[in-house]
file run_36.cif (mmCIF, C-alpha atoms)
data_final
loop_
_atom_site.label_atom_id
_atom_site.label_comp_id
_atom_site.auth_asym_id
_atom_site.auth_seq_id
_atom_site.Cartn_x
_atom_site.Cartn_y
_atom_site.Cartn_z
CA MET A 5 0.00 0.00 0.00
CA SER A 6 1.99 2.94 -1.18
CA ASP A 7 -0.89 5.36 -1.59
CA ALA A 8 -0.74 8.79 -0.09
CA LEU A 9 -3.31 9.86 2.49
CA GLY A 10 -4.96 13.25 2.30
CA MET A 11 -7.15 14.80 4.96
CA LEU A 12 -9.18 17.91 5.28
CA GLU A 13 -10.58 18.96 8.63
CA THR A 14 -13.25 21.59 9.06
CA VAL A 15 -15.61 22.91 11.69
CA GLY A 16 -19.04 21.91 10.50
CA LEU A 17 -20.24 19.26 8.10
CA THR A 18 -20.91 21.63 5.20
CA GLY A 19 -17.19 22.28 4.88
CA ILE A 20 -16.19 18.64 4.40
CA ILE A 21 -19.09 17.83 2.11
CA GLU A 22 -18.20 20.71 -0.18
CA GLY A 23 -14.49 19.98 0.34
CA GLY A 24 -14.94 16.27 -0.32
CA ASP A 25 -16.93 17.01 -3.45
CA ALA A 26 -14.21 19.34 -4.72
CA MET A 27 -11.55 16.74 -3.83
CA SER A 28 -13.18 13.99 -5.82
CA LYS A 29 -13.76 16.32 -8.76
CA ALA A 30 -10.26 17.81 -8.79
CA ALA A 31 -8.10 14.71 -9.10
CA ARG A 32 -8.12 10.96 -9.34
CA VAL A 33 -8.48 10.13 -5.67
CA GLU A 34 -10.67 7.79 -3.74
CA LEU A 35 -12.82 9.35 -1.06
CA LEU A 36 -12.43 7.03 1.93
CA GLY A 37 -14.94 8.51 4.29
CA TRP A 38 -15.08 10.87 7.21
CA ASP A 39 -14.90 10.96 10.97
CA LYS A 40 -15.92 13.28 13.77
CA VAL A 41 -14.18 14.05 17.03
CA GLY A 42 -16.63 16.38 18.72
CA ALA A 43 -16.94 20.16 18.93
CA GLY A 44 -18.06 20.19 15.32
CA LEU A 45 -14.67 19.03 14.07
CA VAL A 46 -14.94 16.65 11.13
CA THR A 47 -12.29 15.21 8.85
CA VAL A 48 -12.64 13.77 5.37
CA PHE A 49 -10.01 11.35 4.03
CA CYS A 50 -8.86 10.50 0.53
CA ARG A 51 -6.19 8.28 -0.97
CA GLY A 52 -4.39 8.11 -4.29
CA ASP A 53 -0.96 8.92 -5.62
CA VAL A 54 0.87 11.77 -3.94
CA ALA A 55 0.41 14.40 -6.63
CA ALA A 56 -3.27 13.62 -7.06
CA VAL A 57 -3.89 13.69 -3.32
CA LYS A 58 -2.02 16.98 -2.98
CA SER A 59 -4.01 18.74 -5.65
CA ALA A 60 -7.26 17.20 -4.43
CA VAL A 61 -6.64 18.38 -0.90
CA ASP A 62 -5.71 21.88 -2.11
CA ALA A 63 -8.90 22.12 -4.13
CA GLY A 64 -10.90 20.71 -1.23
CA ALA A 65 -9.48 23.21 1.23
CA GLN A 66 -10.17 26.10 -1.06
CA ALA A 67 -13.74 25.01 -1.67
CA ALA A 68 -14.35 24.31 2.01
CA SER A 69 -13.03 27.69 3.08
CA LYS A 70 -15.75 29.36 1.03
CA VAL A 71 -18.57 27.66 2.93
CA GLY A 72 -17.05 26.99 6.34
CA GLU A 73 -14.01 27.12 8.54
CA VAL A 74 -11.02 24.97 7.62
CA GLU A 75 -9.29 23.66 10.74
CA SER A 76 -6.40 21.88 9.09
CA VAL A 77 -5.20 20.22 5.92
CA ASN A 78 -2.60 17.51 5.69
CA VAL A 79 -1.10 15.04 3.27
CA ILE A 80 0.95 12.05 4.41
CA ALA A 81 2.87 10.97 1.34
CA ARG A 82 3.64 7.48 2.54
CA PRO A 83 1.61 6.55 5.60
CA HIS A 84 2.75 3.79 7.91
CA ASP A 85 0.81 0.59 7.05
CA GLU A 86 -0.88 0.56 10.43
CA LEU A 87 -2.37 3.99 9.84
CA TRP A 88 -4.92 2.60 7.39
CA ASP A 89 -6.21 0.26 10.09
CA VAL A 90 -6.38 3.10 12.56
CA LEU A 91 -8.59 5.03 10.18
CA GLY A 92 -10.93 2.06 10.16
CA LEU A 93 -12.57 3.12 6.91
CA GLU A 94 -13.39 0.52 4.34
CA SER A 95 -12.14 1.45 0.90
CA SER A 96 -14.75 0.01 -1.37
CA SER A 97 -16.29 1.80 -4.29
CA SER A 98 -19.21 -0.61 -4.28
CA SER A 99 -21.00 1.20 -1.48
CA GLU A 100 -23.68 3.15 -3.22
CA GLY A 101 -25.66 5.95 -1.75
CA PRO A 102 -29.25 6.86 -2.40
CA ALA A 103 -30.28 8.46 -5.69
CA ILE A 104 -29.28 12.07 -5.32
CA ARG A 105 -29.74 14.89 -7.78
CA ALA A 106 -28.80 18.26 -6.34
CA LEU A 107 -27.77 18.26 -2.69
CA GLY A 108 -28.76 21.01 -0.29
CA ILE A 109 -27.34 21.49 3.18
CA VAL A 110 -28.56 23.66 6.02
CA GLU A 111 -26.42 23.46 9.13
CA THR A 112 -27.39 24.89 12.49
CA ARG A 113 -26.25 24.87 16.07
CA GLY A 114 -28.99 23.49 18.24
CA ALA A 115 -31.86 21.24 17.28
CA THR A 116 -34.61 23.85 17.14
CA GLY A 117 -33.14 25.56 14.12
CA ALA A 118 -32.59 22.28 12.31
CA ILE A 119 -36.13 21.05 12.96
CA GLU A 120 -37.65 24.34 11.82
CA ALA A 121 -35.37 24.37 8.76
CA SER A 122 -36.28 20.86 7.65
CA ASP A 123 -39.96 21.63 8.09
CA ALA A 124 -39.63 24.81 6.04
CA MET A 125 -37.63 23.03 3.35
CA VAL A 126 -40.04 20.19 2.65
CA LYS A 127 -42.97 22.62 2.68
CA SER A 128 -41.45 25.22 0.39
CA ALA A 129 -40.27 23.08 -2.51
CA ASP A 130 -40.31 19.59 -3.95
CA VAL A 131 -37.38 18.24 -1.97
CA GLU A 132 -36.81 15.24 0.21
CA VAL A 133 -34.78 15.09 3.42
CA VAL A 134 -32.10 12.42 2.92
CA LYS A 135 -30.28 12.73 6.18
CA VAL A 136 -30.04 14.62 9.43
CA GLN A 137 -26.50 14.43 10.74
CA GLU A 138 -25.20 15.42 14.15
CA ILE A 139 -21.47 15.90 14.57
CA GLY A 140 -21.15 17.03 18.17
CA GLY A 141 -20.74 20.49 19.60
CA GLY A 142 -24.39 21.15 18.87
CA TYR A 143 -23.91 21.09 15.12
CA ILE A 144 -26.75 19.54 13.14
CA SER A 145 -27.03 19.41 9.36
CA VAL A 146 -30.12 18.69 7.32
CA LEU A 147 -29.39 17.27 3.87
CA VAL A 148 -32.05 17.51 1.18
CA THR A 149 -32.23 16.44 -2.43
CA GLY A 150 -34.31 17.30 -5.46
CA ASP A 151 -33.72 19.14 -8.70
CA VAL A 152 -31.40 22.14 -8.52
CA GLY A 153 -34.10 24.78 -8.60
CA SER A 154 -36.15 23.16 -5.85
CA VAL A 155 -33.12 22.55 -3.68
CA ASN A 156 -32.01 26.15 -4.11
CA SER A 157 -35.30 27.57 -3.04
CA ALA A 158 -35.74 25.02 -0.24
CA VAL A 159 -32.32 25.84 1.18
CA GLY A 160 -33.16 29.52 0.99
CA SER A 161 -36.29 29.15 3.06
CA GLY A 162 -34.67 26.55 5.32
CA ALA A 163 -31.84 28.91 6.14
CA GLU A 164 -34.23 31.75 6.78
CA ALA A 165 -36.32 29.57 9.09
CA ALA A 166 -33.24 28.37 10.97
CA GLU A 167 -32.05 31.92 11.46
CA ARG A 168 -35.40 32.96 12.80
CA VAL A 169 -35.59 30.40 15.58
CA GLY A 170 -32.02 29.28 16.11
CA GLU A 171 -28.44 29.71 15.03
CA LEU A 172 -27.63 29.12 11.37
CA VAL A 173 -24.07 27.91 10.77
CA SER A 174 -24.05 27.56 7.02
CA ARG A 175 -26.12 26.80 3.95
CA HIS A 176 -24.98 25.35 0.71
CA VAL A 177 -26.17 23.73 -2.50
CA ILE A 178 -24.11 21.32 -4.60
CA ALA A 179 -25.80 21.14 -7.97
CA ARG A 180 -24.22 17.85 -8.99
CA PRO A 181 -22.49 16.02 -6.14
CA THR A 182 -20.13 13.18 -7.07
CA GLU A 183 -21.16 9.60 -6.41
CA ALA A 184 -18.44 9.28 -3.81
CA VAL A 185 -19.83 12.19 -1.84
CA VAL A 186 -23.33 10.78 -1.98
CA ALA A 187 -22.10 7.36 -0.85
CA ARG A 188 -20.09 8.77 2.05
CA PHE A 189 -22.35 11.49 3.36
CA CYS A 190 -25.93 10.67 2.40
CA LYS A 191 -26.28 7.07 3.57
CA MET B 23 5.90 -4.30 31.16
CA LYS B 24 5.83 -1.87 28.29
CA ALA B 25 6.01 1.88 28.56
CA LEU B 26 3.02 3.89 27.41
CA GLY B 27 3.30 7.08 25.38
CA MET B 28 0.55 9.51 24.52
CA VAL B 29 0.08 12.58 22.41
CA GLU B 30 -3.06 14.66 22.71
CA THR B 31 -4.13 17.02 19.96
CA LYS B 32 -7.09 19.04 18.90
CA GLY B 33 -8.48 17.52 15.75
CA LEU B 34 -8.08 14.19 14.01
CA SER B 35 -5.75 15.04 11.16
CA CYS B 36 -3.22 16.35 13.62
CA ALA B 37 -3.51 13.18 15.71
CA LEU B 38 -2.99 10.96 12.67
CA GLU B 39 0.06 12.93 11.53
CA SER B 40 1.47 12.49 15.01
CA LEU B 41 0.73 8.75 15.08
CA ASP B 42 2.31 8.31 11.67
CA ALA B 43 5.46 10.03 12.89
CA MET B 44 5.53 7.90 16.05
CA LEU B 45 5.15 4.60 14.21
CA LYS B 46 7.86 5.56 11.75
CA THR B 47 10.34 6.89 14.29
CA ALA B 48 10.77 4.02 16.69
CA GLU B 49 9.80 0.45 17.43
CA VAL B 50 6.46 1.20 19.04
CA GLY B 51 3.03 -0.31 18.62
CA TYR B 52 -0.31 1.42 18.30
CA VAL B 53 -2.39 0.90 21.42
CA GLY B 54 -5.50 2.92 20.76
CA GLN B 55 -7.04 6.31 20.68
CA LYS B 56 -9.16 8.17 23.16
CA ARG B 57 -11.72 10.77 22.20
CA VAL B 58 -13.02 12.80 25.06
CA GLY B 59 -15.16 15.24 23.11
CA SER B 60 -14.54 18.88 22.31
CA GLY B 61 -12.34 17.72 19.47
CA PHE B 62 -9.58 16.31 21.65
CA VAL B 63 -7.97 13.11 20.42
CA THR B 64 -5.24 11.22 22.24
CA VAL B 65 -3.24 8.56 20.43
CA LEU B 66 -1.39 5.98 22.49
CA VAL B 67 1.60 3.82 21.67
CA ASP B 68 3.63 1.33 23.66
CA GLY B 69 7.08 -0.20 23.52
CA ASP B 70 10.24 0.00 25.56
CA VAL B 71 10.84 3.26 27.39
CA ALA B 72 13.51 4.67 25.11
CA ALA B 73 11.57 3.85 21.96
CA VAL B 74 8.39 5.35 23.35
CA LYS B 75 10.24 8.50 24.40
CA ALA B 76 11.78 8.95 20.98
CA ALA B 77 8.46 8.22 19.26
CA VAL B 78 6.51 10.63 21.41
CA ASP B 79 9.06 13.41 20.81
CA ALA B 80 8.73 12.96 17.07
CA GLY B 81 4.96 12.68 17.36
CA ALA B 82 4.71 15.91 19.32
CA GLU B 83 6.83 17.75 16.81
CA ALA B 84 4.74 16.46 13.92
CA ALA B 85 1.52 17.43 15.68
CA GLN B 86 2.78 20.94 16.30
CA ARG B 87 3.64 21.31 12.66
CA VAL B 88 0.13 20.41 11.49
CA GLY B 89 -2.20 21.64 14.18
CA GLU B 90 -2.69 22.12 17.87
CA LEU B 91 -0.74 19.98 20.30
CA ARG B 92 -2.42 19.71 23.71
CA SER B 93 -0.11 17.53 25.73
CA VAL B 94 2.52 14.83 25.58
CA HIS B 95 3.29 12.21 28.16
CA VAL B 96 5.20 8.99 28.72
CA ILE B 97 4.47 6.57 31.56
CA ALA B 98 7.49 4.33 31.90
CA ARG B 99 5.73 1.59 33.83
CA PRO B 100 1.97 1.98 33.68
CA GLY B 101 -0.29 0.14 36.10
CA ASP B 102 -2.67 -2.40 34.62
CA HIS B 103 -5.68 -0.21 35.22
CA VAL B 104 -4.00 2.55 33.21
CA ARG B 105 -3.69 0.28 30.22
CA GLU B 106 -7.33 -0.72 30.62
CA MET B 107 -8.35 2.91 30.77
CA ALA B 108 -6.35 3.58 27.65
CA GLY B 109 -8.28 0.87 25.87
CA ALA B 110 -5.30 -1.47 25.51
#

call {"tool": "encode", "arguments": {"input": "run_36.cif", "output": "structure tokens"}}
result
Amino acid sequence: MSDALGMLETVGLTGIIEGGDAMSKAARVELLGWDKVGAGLVTVFCRGDVAAVKSAVDAGAQAASKVGEVESVNVIARPHDELWDVLGLESSSSSEGPAIRALGIVETRGATGAIEASDAMVKSADVEVVKVQEIGGGYISVLVTGDVGSVNSAVGSGAEAAERVGELVSRHVIARPTEAVVARFCK
Amino acid sequence: MKALGMVETKGLSCALESLDAMLKTAEVGYVGQKRVGSGFVTVLVDGDVAAVKAAVDAGAEAAQRVGELRSVHVIARPGDHVREMAGA
């Protein structure tokens, strides 16, 4: 196993979803998965050859910094064999996620905002909630899917609703998420 | 009885960089990791005292380079309950 390991750590799930999407679009890398350590800190991992991983991670960090806060970025060119076991992420491309068109994310701190946002989203446009993800530190993300226009307008009203009753962390729409992102984040 | 070394960081990527450095630097084995919330991750290694000391030094330096190092410690002769607590 001579692959390089790339990681991108952000505060908030929106950052690694957008970052992970940019990573898998920027270079030939395999998105391994993600992990959380509390306080809203989440890390997404990728593997591939060193140059690919480096450019993927750069692109990921840049994309993530536009929607959230990047905590750290790192590439280990030749990880110790045991490190892959420590990660504990299966590297199979067979794992398929649900059918996703555009992906919308509204992230809040505190449940009230998230509940209100998901209610507003499904009422305002033809979207479906695919996942509600907690990552610790009070961060909750609601992920919705539908066609781009619906997702855009749903996220708009979801964010507004979240702001009204709670604390909105971030909102984002990925018009065409990669399969890897869907498999890792939407299941 | 093996010595136990630990490096605590804020964030996972920093902890993994540190663990990678430790495993590469000296003859130490990975024992486990402890997550106590608030983003703090501790990685633990064991081996003989000198190896663990060298590994932990390298691990701390690597962690500092990448992110936030919280604390570093080596217990030369840990009690059994300590190993249990560490998840060994």

call {"tool": "interface_residues", "arguments": {"input": "run_36.cif", "of": "chain A", "to": "chain B", "cutoff": "7 Å", "atoms": "all atoms listed in the file", "output": "compact mmCIF listing (two decimals) with C-alpha atoms, in the coordinates of the input"}}
result
# COMPACT_ATOMS: atom_id res chain seq x y z
CA MET A 11 -7.15 14.80 4.96
CA GLU A 13 -10.58 18.96 8.63
CA VAL A 41 -14.18 14.05 17.03
CA GLY A 42 -16.63 16.38 18.72
CA ALA A 43 -16.94 20.16 18.93
CA LEU A 45 -14.67 19.03 14.07
CA THR A 47 -12.29 15.21 8.85
CA SER A 76 -6.40 21.88 9.09
CA ASN A 78 -2.60 17.51 5.69
CA PRO A 83 1.61 6.55 5.60
CA HIS A 84 2.75 3.79 7.91
CA LEU A 87 -2.37 3.99 9.84
CA GLY A 141 -20.74 20.49 19.60

call {"tool": "residues_near_point", "arguments": {"input": "run_36.cif", "point": "(-8.3, 17.5, 4.0)", "cutoff": "9 Å", "atoms": "all atoms listed in the file", "output": "NGL selection string"}}
result
(:A and (10-14 or 20 or 23-24 or 27 or 47-50 or 60-62 or 64-65 or 74 or 76-79)) or (:B and (35))

call {"tool": "atom_distance", "arguments": {"input": "run_36.cif", "atom1": "CA of Thr47 in chain B", "atom2": "CA of Leu35 in chain A"}}
result
27.9 Å

call {"tool": "atom_distance", "arguments": {"input": "run_36.cif", "atom1": "CA of Arg82 in chain A", "atom2": "CA of Lys58 in chain A"}}
result
12.4 Å

call {"tool": "residues_around", "arguments": {"input": "run_36.cif", "residues": "Lys75 in chain B", "least_positions_apart": "3", "cutoff": "8 Å", "atoms": "all atoms listed in the file", "output": "list in words"}}
result
Gly27, Val71, Ala72, Val78, Asp79 and Val96 of chain B

call {"tool": "write_last_selection", "arguments": {"input": "run_36.cif", "atoms": "C-alpha atoms", "output": "tab-separated table (two decimals), in the frame of the given file"}}
result
chain	number	residue	atom	x	y	z
B	27	GLY	CA	3.30	7.08	25.38
B	71	VAL	CA	10.84	3.26	27.39
B	72	ALA	CA	13.51	4.67	25.11
B	78	VAL	CA	6.51	10.63	21.41
B	79	ASP	CA	9.06	13.41	20.81
B	96	VAL	CA	5.20	8.99	28.72

call {"tool": "atom_distance", "arguments": {"input": "run_36.cif", "atom1": "CA of Val185 in chain A", "atom2": "CA of Ser28 in chain A"}}
result
8.0 Å

call {"tool": "residues_around", "arguments": {"input": "run_36.cif", "residues": "Gly160 in chain A", "least_positions_apart": "2", "cutoff": "12 Å", "atoms": "all atoms listed in the file", "output": "MDAnalysis selection string"}}
result
chainID A and resid 108:110 121:122 124:126 128:129 153:158 162:167 172 174:177

call {"tool": "write_last_selection", "arguments": {"input": "run_36.cif", "atoms": "C-alpha atoms", "output": "mmCIF file, in the coordinates of the input"}}
result
data_model
loop_
_atom_site.group_PDB
_atom_site.id
_atom_site.type_symbol
_atom_site.label_atom_id
_atom_site.label_comp_id
_atom_site.auth_asym_id
_atom_site.auth_seq_id
_atom_site.Cartn_x
_atom_site.Cartn_y
_atom_site.Cartn_z
ATOM 1 C CA GLY A 108 -28.760 21.010 -0.290
ATOM 2 C CA ILE A 109 -27.340 21.490 3.180
ATOM 3 C CA VAL A 110 -28.560 23.660 6.020
ATOM 4 C CA ALA A 121 -35.370 24.370 8.760
ATOM 5 C CA SER A 122 -36.280 20.860 7.650
ATOM 6 C CA ALA A 124 -39.630 24.810 6.040
ATOM 7 C CA MET A 125 -37.630 23.030 3.350
ATOM 8 C CA VAL A 126 -40.040 20.190 2.650
ATOM 9 C CA SER A 128 -41.450 25.220 0.390
ATOM 10 C CA ALA A 129 -40.270 23.080 -2.510
ATOM 11 C CA GLY A 153 -34.100 24.780 -8.600
ATOM 12 C CA SER A 154 -36.150 23.160 -5.850
ATOM 13 C CA VAL A 155 -33.120 22.550 -3.680
ATOM 14 C CA ASN A 156 -32.010 26.150 -4.110
ATOM 15 C CA SER A 157 -35.300 27.570 -3.040
ATOM 16 C CA ALA A 158 -35.740 25.020 -0.240
ATOM 17 C CA GLY A 162 -34.670 26.550 5.320
ATOM 18 C CA ALA A 163 -31.840 28.910 6.140
ATOM 19 C CA GLU A 164 -34.230 31.750 6.780
ATOM 20 C CA ALA A 165 -36.320 29.570 9.090
ATOM 21 C CA ALA A 166 -33.240 28.370 10.970
ATOM 22 C CA GLU A 167 -32.050 31.920 11.460
ATOM 23 C CA LEU A 172 -27.630 29.120 11.370
ATOM 24 C CA SER A 174 -24.050 27.560 7.020
ATOM 25 C CA ARG A 175 -26.120 26.800 3.950
ATOM 26 C CA HIS A 176 -24.980 25.350 0.710
ATOM 27 C CA VAL A 177 -26.170 23.730 -2.500
#

call {"tool": "resolve_selection", "arguments": {"input": "run_36.cif", "expression": "the PyMOL selection byres ((chain B and resi 97) around 12)", "output": "PyMOL selection string"}}
result
chain B and resi 23-29+66-72+74-75+78+94-96+98-102+104-105+108

call {"tool": "closest_residue", "arguments": {"input": "run_36.cif", "among": "A:Leu91, A:Ala63, A:Ala26, A:Val148", "to": "Leu9 in chain A", "atoms": "only C-alpha atoms"}}
result
A:Leu91

call {"tool": "closest_residue", "arguments": {"input": "run_36.cif", "among": "A:Val169, A:Leu107, A:Ala115, A:Ala68", "to": "Tyr143 in chain A", "atoms": "only C-alpha atoms"}}
result
A:Ala115

call {"tool": "closest_residue", "arguments": {"input": "run_36.cif", "among": "A:Ile80, A:Asp7, A:Gly19, A:Asp85", "to": "Gly52 in chain A", "atoms": "only C-alpha atoms"}}
result
A:Asp7

call {"tool": "residues_around", "arguments": {"input": "run_36.cif", "residues": "Arg188 in chain A", "least_positions_apart": "4", "cutoff": "8 Å", "atoms": "all atoms listed in the file", "output": "tab-separated table (two decimals) with C-alpha atoms, in the frame of the given file"}}
result
chain	number	residue	atom	x	y	z
A	35	LEU	CA	-12.82	9.35	-1.06
A	36	LEU	CA	-12.43	7.03	1.93
A	37	GLY	CA	-14.94	8.51	4.29
A	38	TRP	CA	-15.08	10.87	7.21
A	101	GLY	CA	-25.66	5.95	-1.75
A	184	ALA	CA	-18.44	9.28	-3.81

call {"tool": "closest_residue", "arguments": {"input": "run_36.cif", "among": "A:Ala56, A:Val186, A:Ala30, A:Val15", "to": "Glu111 in chain A", "atoms": "all atoms listed in the file"}}
result
A:Val15

call {"tool": "closest_residue", "arguments": {"input": "run_36.cif", "among": "A:Lys70, A:Lys127, A:Arg51, A:Lys40", "to": "Leu17 in chain A", "atoms": "only C-alpha atoms"}}
result
A:Lys40

call {"tool": "build_atoms", "arguments": {"input": "run_36.cif", "residues": "range 38-66 of chain B", "atoms": "N, CA and C atoms", "output": "PDB file, keeping the file's coordinate frame"}}
result
ATOM      1  N   LEU B  38      -3.460  11.993  13.595  1.00  0.00           N
ATOM      2  CA  LEU B  38      -2.990  10.960  12.670  1.00  0.00           C
ATOM      3  C   LEU B  38      -1.580  11.261  12.171  1.00  0.00           C
ATOM      4  N   GLU B  39      -1.304  12.533  11.936  1.00  0.00           N
ATOM      5  CA  GLU B  39       0.060  12.930  11.530  1.00  0.00           C
ATOM      6  C   GLU B  39       1.037  12.550  12.645  1.00  0.00           C
ATOM      7  N   SER B  40       0.623  12.804  13.860  1.00  0.00           N
ATOM      8  CA  SER B  40       1.470  12.490  15.010  1.00  0.00           C
ATOM      9  C   SER B  40       1.697  10.980  15.129  1.00  0.00           C
ATOM     10  N   LEU B  41       0.615  10.209  14.986  1.00  0.00           N
ATOM     11  CA  LEU B  41       0.730   8.750  15.080  1.00  0.00           C
ATOM     12  C   LEU B  41       1.628   8.197  13.983  1.00  0.00           C
ATOM     13  N   ASP B  42       1.477   8.735  12.795  1.00  0.00           N
ATOM     14  CA  ASP B  42       2.310   8.310  11.670  1.00  0.00           C
ATOM     15  C   ASP B  42       3.784   8.533  11.994  1.00  0.00           C
ATOM     16  N   ALA B  43       4.075   9.709  12.524  1.00  0.00           N
ATOM     17  CA  ALA B  43       5.460  10.030  12.890  1.00  0.00           C
ATOM     18  C   ALA B  43       5.969   9.086  13.969  1.00  0.00           C
ATOM     19  N   MET B  44       5.117   8.776  14.947  1.00  0.00           N
ATOM     20  CA  MET B  44       5.530   7.900  16.050  1.00  0.00           C
ATOM     21  C   MET B  44       5.856   6.499  15.556  1.00  0.00           C
ATOM     22  N   LEU B  45       4.951   5.973  14.705  1.00  0.00           N
ATOM     23  CA  LEU B  45       5.150   4.600  14.210  1.00  0.00           C
ATOM     24  C   LEU B  45       6.381   4.490  13.322  1.00  0.00           C
ATOM     25  N   LYS B  46       6.719   5.599  12.653  1.00  0.00           N
ATOM     26  CA  LYS B  46       7.860   5.560  11.750  1.00  0.00           C
ATOM     27  C   LYS B  46       9.177   5.778  12.477  1.00  0.00           C
ATOM     28  N   THR B  47       9.118   6.482  13.602  1.00  0.00           N
ATOM     29  CA  THR B  47      10.340   6.890  14.290  1.00  0.00           C
ATOM     30  C   THR B  47      10.988   5.772  15.088  1.00  0.00           C
ATOM     31  N   ALA B  48      10.183   5.016  15.802  1.00  0.00           N
ATOM     32  CA  ALA B  48      10.770   4.020  16.690  1.00  0.00           C
ATOM     33  C   ALA B  48       9.921   2.760  16.724  1.00  0.00           C
ATOM     34  N   GLU B  49      10.467   1.746  17.350  1.00  0.00           N
ATOM     35  CA  GLU B  49       9.800   0.450  17.430  1.00  0.00           C
ATOM     36  C   GLU B  49       8.690   0.516  18.482  1.00  0.00           C
ATOM     37  N   VAL B  50       7.586   1.128  18.110  1.00  0.00           N
ATOM     38  CA  VAL B  50       6.460   1.200  19.040  1.00  0.00           C
ATOM     39  C   VAL B  50       5.218   0.657  18.351  1.00  0.00           C
ATOM     40  N   GLY B  51       4.277   0.224  19.171  1.00  0.00           N
ATOM     41  CA  GLY B  51       3.030  -0.310  18.620  1.00  0.00           C
ATOM     42  C   GLY B  51       1.869   0.619  18.945  1.00  0.00           C
ATOM     43  N   TYR B  52       0.893   0.599  18.073  1.00  0.00           N
ATOM     44  CA  TYR B  52      -0.310   1.420  18.300  1.00  0.00           C
ATOM     45  C   TYR B  52      -1.189   0.729  19.333  1.00  0.00           C
ATOM     46  N   VAL B  53      -1.570   1.475  20.355  1.00  0.00           N
ATOM     47  CA  VAL B  53      -2.390   0.900  21.420  1.00  0.00           C
ATOM     48  C   VAL B  53      -3.860   1.264  21.226  1.00  0.00           C
ATOM     49  N   GLY B  54      -4.110   2.495  20.930  1.00  0.00           N
ATOM     50  CA  GLY B  54      -5.500   2.920  20.760  1.00  0.00           C
ATOM     51  C   GLY B  54      -5.609   4.420  20.737  1.00  0.00           C
ATOM     52  N   GLN B  55      -6.827   4.871  20.622  1.00  0.00           N
ATOM     53  CA  GLN B  55      -7.040   6.310  20.680  1.00  0.00           C
ATOM     54  C   GLN B  55      -8.185   6.604  21.616  1.00  0.00           C
ATOM     55  N   LYS B  56      -8.143   7.768  22.200  1.00  0.00           N
ATOM     56  CA  LYS B  56      -9.160   8.170  23.160  1.00  0.00           C
ATOM     57  C   LYS B  56      -9.748   9.484  22.684  1.00  0.00           C
ATOM     58  N   ARG B  57     -11.074   9.521  22.570  1.00  0.00           N
ATOM     59  CA  ARG B  57     -11.720  10.770  22.200  1.00  0.00           C
ATOM     60  C   ARG B  57     -12.588  11.221  23.349  1.00  0.00           C
ATOM     61  N   VAL B  58     -12.292  12.372  23.880  1.00  0.00           N
ATOM     62  CA  VAL B  58     -13.020  12.800  25.060  1.00  0.00           C
ATOM     63  C   VAL B  58     -14.018  13.907  24.753  1.00  0.00           C
ATOM     64  N   GLY B  59     -14.245  14.164  23.485  1.00  0.00           N
ATOM     65  CA  GLY B  59     -15.160  15.240  23.110  1.00  0.00           C
ATOM     66  C   GLY B  59     -14.408  16.555  22.980  1.00  0.00           C
ATOM     67  N   SER B  60     -15.133  17.559  22.545  1.00  0.00           N
ATOM     68  CA  SER B  60     -14.540  18.880  22.310  1.00  0.00           C
ATOM     69  C   SER B  60     -13.401  18.851  21.305  1.00  0.00           C
ATOM     70  N   GLY B  61     -13.346  17.784  20.519  1.00  0.00           N
ATOM     71  CA  GLY B  61     -12.340  17.720  19.470  1.00  0.00           C
ATOM     72  C   GLY B  61     -10.984  17.209  19.915  1.00  0.00           C
ATOM     73  N   PHE B  62     -10.881  16.783  21.180  1.00  0.00           N
ATOM     74  CA  PHE B  62      -9.580  16.310  21.650  1.00  0.00           C
ATOM     75  C   PHE B  62      -9.390  14.817  21.380  1.00  0.00           C
ATOM     76  N   VAL B  63      -8.292  14.499  20.750  1.00  0.00           N
ATOM     77  CA  VAL B  63      -7.970  13.110  20.420  1.00  0.00           C
ATOM     78  C   VAL B  63      -6.606  12.784  21.009  1.00  0.00           C
ATOM     79  N   THR B  64      -6.527  11.676  21.726  1.00  0.00           N
ATOM     80  CA  THR B  64      -5.240  11.220  22.240  1.00  0.00           C
ATOM     81  C   THR B  64      -4.877   9.917  21.554  1.00  0.00           C
ATOM     82  N   VAL B  65      -3.684   9.832  20.995  1.00  0.00           N
ATOM     83  CA  VAL B  65      -3.240   8.560  20.430  1.00  0.00           C
ATOM     84  C   VAL B  65      -2.192   7.968  21.359  1.00  0.00           C
ATOM     85  N   LEU B  66      -2.278   6.644  21.541  1.00  0.00           N
ATOM     86  CA  LEU B  66      -1.390   5.980  22.490  1.00  0.00           C
ATOM     87  C   LEU B  66      -0.545   4.927  21.802  1.00  0.00           C
TER      88      LEU B  66
END
